[in-house]
Amino acid sequence: MTRGPAESFENLSTGLLQTQGPVSEDPRLMGAQICSQADATMPREAVRFHAEAVGAQVRLDAQRSTARRCATFHDGIVFSQRPVRPRERVALRVLFHERGWVGGLRVGFTRLDPERVTAPSLPPFVCPDLEQQSPTWAAMLPDGCGLTGDVVCFWVNRLGRLFAQVNAGPRLLLRKGVLMGAPLWAVMDVYGTTKAIELLDPTVSASTPTMPWVLSDEALPEPKGDAGSSPGLGGSHMPRSN
């Protein structure tokens with residue numbers, strides 16, 4: 001029997017709660033396993049994809065540096081295997097851009113520890129599903145970004161602003177409001193037109209930005225309008241019609 005959306009989300013929430021134990025009654029913390037030690041020691045090993053906490057359609061290579069979505073346009077969530085420090089760049093290359101869908105790669109950060117997340121409990125989309133079920137903050141790259149061969153770097157500064165940079169282009173403020181003060185893991189959604197991505201070492205990337213990796217993001221002016229969320233968060237999940 002095919003399960004309806006309500007039953008699927010109920011099972012998801014139950015799975016997260018059973019896996020991770022008691023959580024706060026705050027709906028933003030539902031299903032979250034939060035480390036309260038903001039200054040916890042974070043290893044400096046290269047960022048790789050977490051081996052187990054992946055969407056139903058994701059396949060990783062042996063080195064866990066490449067993530068490919070096998071079919072459809074969703075179920076492509078992946079996490080970093082370790083927390084990412086504030087202002088540390090997560091760099092990736094888009095390996096394949098698949099036409100026919102609306103919307104593409106989503107990037108962001110989460111307090112969910114992927115070691116405590118089971119793959120079956122992951123929802124189809126990081127935006128808005130995982131954001132609504134856990135302390136996760138993500139956004140879609142602007143239209144025209146994330147084509148095959150594009151190098152995307154994203155990071156969060158100490159003020160909780162999520163930035164991205166595509167190739168040697170300008171810094172893009174994707175959203176504000178990321179809660180700091182606890183470890184954050186990078187989260188990506190290999191969604192829609194983005195079919196496959198590869199994690200890079202930003203210090204040796206073949207595509208070197210024109211600006212240094214560590215910048216004074218805190219000094220950036222406030223953007224016009226409400227930048228608290230990405231304009232792409234409510235985008236269509238349907239394929240593009242011909």
# chains A, B, ... in the order shown; residues from 1 in each chain; ligands from 1

call {"tool": "select_by_dssp", "arguments": {"residues": "stretch 105-148 of chain A", "states": "strand (DSSP E or B)", "output": "list of chain:residue names"}}
result
A:Arg106, A:Val107, A:Gly108, A:Phe109, A:Thr110, A:Thr136, A:Trp137, A:Ala138, A:Ala139, A:Met140

call {"tool": "residues_around", "arguments": {"residues": "A:Phe49", "least_positions_apart": "2", "cutoff": "12 Å", "atoms": "only C-alpha atoms", "output": "VMD selection string"}}
result
chain A and resid 46 to 47 51 to 55 58 to 68 77 to 83 90 92 114 to 115 185 to 189 197 to 200

call {"tool": "atom_distance", "arguments": {"atom1": "atom CA of A:Phe73", "atom2": "atom CA of A:Met140"}}
result
14.2 Å

call {"tool": "atom_distance", "arguments": {"atom1": "atom CA of A:Arg116", "atom2": "atom CA of A:Trp155"}}
result
23.0 Å

call {"tool": "residues_around", "arguments": {"residues": "A:Arg85", "least_positions_apart": "2", "cutoff": "8 Å", "atoms": "only C-alpha atoms", "output": "list of chain:residue names"}}
result
A:Met42, A:Pro83, A:Arg87, A:Glu88, A:Pro183, A:Leu184

call {"tool": "select_by_dssp", "arguments": {"residues": "stretch 123-223 of chain A", "states": "helix (DSSP H, G or I)", "output": "number ranges by chain"}}
result
A: 126-133, 217-219

call {"tool": "residues_around", "arguments": {"residues": "A:Leu141", "least_positions_apart": "5", "cutoff": "9 Å", "atoms": "only C-alpha atoms", "output": "list of chain:residue names"}}
result
A:Gly103, A:Gly104, A:Leu105, A:Arg106, A:Val107, A:Gly146, A:Ala164, A:Leu172, A:Leu174, A:Ser230, A:Gly232

call {"tool": "atom_distance", "arguments": {"atom1": "atom CA of A:Leu112", "atom2": "atom CA of A:Cys127"}}
result
14.8 Å

call {"tool": "residues_around", "arguments": {"residues": "A:Arg99", "least_positions_apart": "2", "cutoff": "8 Å", "atoms": "only C-alpha atoms", "output": "JSON, numbers by chain"}}
result
{"A": [97, 101, 193]}

call {"tool": "residues_around", "arguments": {"residues": "A:Phe163", "least_positions_apart": "2", "cutoff": "8 Å", "atoms": "only C-alpha atoms", "output": "mmCIF file with N, CA and C atoms, in the first residue's frame"}}
result
data_model
loop_
_atom_site.group_PDB
_atom_site.id
_atom_site.type_symbol
_atom_site.label_atom_id
_atom_site.label_comp_id
_atom_site.auth_asym_id
_atom_site.auth_seq_id
_atom_site.Cartn_x
_atom_site.Cartn_y
_atom_site.Cartn_z
ATOM 1 N N PHE A 154 30.917 27.642 -0.102
ATOM 2 C CA PHE A 154 29.939 28.245 0.805
ATOM 3 C C PHE A 154 30.457 28.168 2.230
ATOM 4 N N TRP A 155 30.005 29.107 3.054
ATOM 5 C CA TRP A 155 30.463 29.200 4.435
ATOM 6 C C TRP A 155 29.466 30.017 5.246
ATOM 7 N N VAL A 156 29.627 29.958 6.555
ATOM 8 C CA VAL A 156 28.825 30.777 7.459
ATOM 9 C C VAL A 156 29.786 31.599 8.309
ATOM 10 N N ASN A 157 29.485 32.878 8.500
ATOM 11 C CA ASN A 157 30.371 33.698 9.314
ATOM 12 C C ASN A 157 29.903 33.703 10.763
ATOM 13 N N ARG A 161 25.561 34.468 9.023
ATOM 14 C CA ARG A 161 25.186 34.736 7.633
ATOM 15 C C ARG A 161 25.766 33.657 6.723
ATOM 16 N N GLN A 165 30.035 31.519 -3.062
ATOM 17 C CA GLN A 165 30.790 32.137 -4.148
ATOM 18 C C GLN A 165 30.893 31.108 -5.256
ATOM 19 N N ARG A 171 30.840 37.454 -3.724
ATOM 20 C CA ARG A 171 30.193 36.751 -2.620
ATOM 21 C C ARG A 171 28.691 36.981 -2.681
ATOM 22 N N LEU A 172 27.939 35.928 -2.431
ATOM 23 C CA LEU A 172 26.485 35.995 -2.466
ATOM 24 C C LEU A 172 25.951 35.716 -1.068
ATOM 25 N N LEU A 173 25.185 36.648 -0.531
ATOM 26 C CA LEU A 173 24.524 36.422 0.752
ATOM 27 C C LEU A 173 23.259 35.626 0.489
ATOM 28 N N LEU A 174 23.260 34.359 0.891
ATOM 29 C CA LEU A 174 22.110 33.490 0.646
ATOM 30 C C LEU A 174 21.025 33.653 1.697
ATOM 31 N N ARG A 175 21.429 33.826 2.936
ATOM 32 C CA ARG A 175 20.442 34.016 3.991
ATOM 33 C C ARG A 175 21.150 34.407 5.279
#
